[in-house]
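Trainee: Got a structure for you, written out below as C-alpha cells; questions coming shortly.
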Amino acid sequence: MLYHVRMDVRLPPDLDPAERADLITREKAYSQKLQRAGKWPQLWRIAGEYANFSILDVADHDELHTLLSGLPLFPYMDIAVTPLAAHPSKVGAGS
Ligand SMILES: O=C(O)CC1=CCC(=O)O1
C-alpha cells in the first residue's frame, strides 16, 4: 500500500546541539535503510520549510505506524498521512 506522508520537524530551539546532530544523523541512516529496502521510494524537501513529503510503500497501516514511530525524530514531528488508491484515469491502469 502507498501512503503520502507529510512530516514537519519541530525540534526545540534549546535542544543540545550535540543531541540535535545525533538525532539528524540517526534519522538519515534510518531513512536511507528504508529507502534501500524499497519501503520509502520518495523523499522530498518542502521548499522553504523544515518538512518533507514522502511516499511510503508498506504492507498496511500497522507497518506504516511501526516505521513512522521508529523514526529518531518521531517525538519532534507533526505527521499527516494520506492513504493512496489507484486512479482509474491513470494511463496503464486498465480500460
Ligand atoms: O529532514 C526531514 O525532513 C526529516 C527526515 C525524514 C527522513 C530524513 O532523513 O530526514
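Residues are referred to by chain and number: the chain letter is A, B, ... according to the order shown in the C-alpha cells, the number counts from 1 in that chain, and ligands are numbered separately from 1 in the order shown.
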If you run DSSP on this backbone, which residues of chain A come out as alpha helix (DSSP H), and could you give them as a PyMOL selection string?

Mentor: chain A and resi 17-36+61-69

Trainee: May I have the residues within 12 Å of ligand 1, computed using only C-alpha atoms and all ligand atoms, as a ChimeraX atom specification?

Mentor: /A:5-11,20-21,23-35,40-56,67-79

Trainee: Quote the spacing between CA of Glu19 in chain A and CA of Glu63 in chain A in Å to one decimal place.

Mentor: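 Distance between the two atoms: 27.5 Å.
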
Trainee: Write out as a list in words all residues of range 40-69 of chain A that backbone DSSP assigns to strand (DSSP E or B).

Mentor: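 Here are the strand (DSSP E or B) residues of range 40-69 of chain A: Gln42, Leu43, Trp44, Arg45, Ala51, Asn52, Phe53, Ser54, Ile55, Leu56 and Asp57 of chain A.
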
Trainee: Considering only C-alpha atoms, state which residue in the set A:Ala37, A:Leu64, A:Ala18, A:Val58 is at the smallest distance from Val81 in chain A.

Mentor: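 Looking only at the distances to Val81 in chain A, the closest residue turns out to be A:Leu64.
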
Trainee: Kindly give the distance, in Å, that separates CA of Gly92 in chain A and CA of Asp60 in chain A, rounded to a single decimal.

Mentor: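 Those two atoms sit 24.0 Å apart.
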
Trainee: What does the structure give for the distance between CA of Lys39 in chain A and CA of Gly94 in chain A, in Å to one decimal?

Mentor: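 Interatomic distance here is 25.2 Å.
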
Trainee: Quick one: of A:Asp22, A:Pro17, A:Gly38, A:Asp57, who's nearest to Leu84 in chain A, counting only C-alpha atoms?

Mentor: A:Asp57
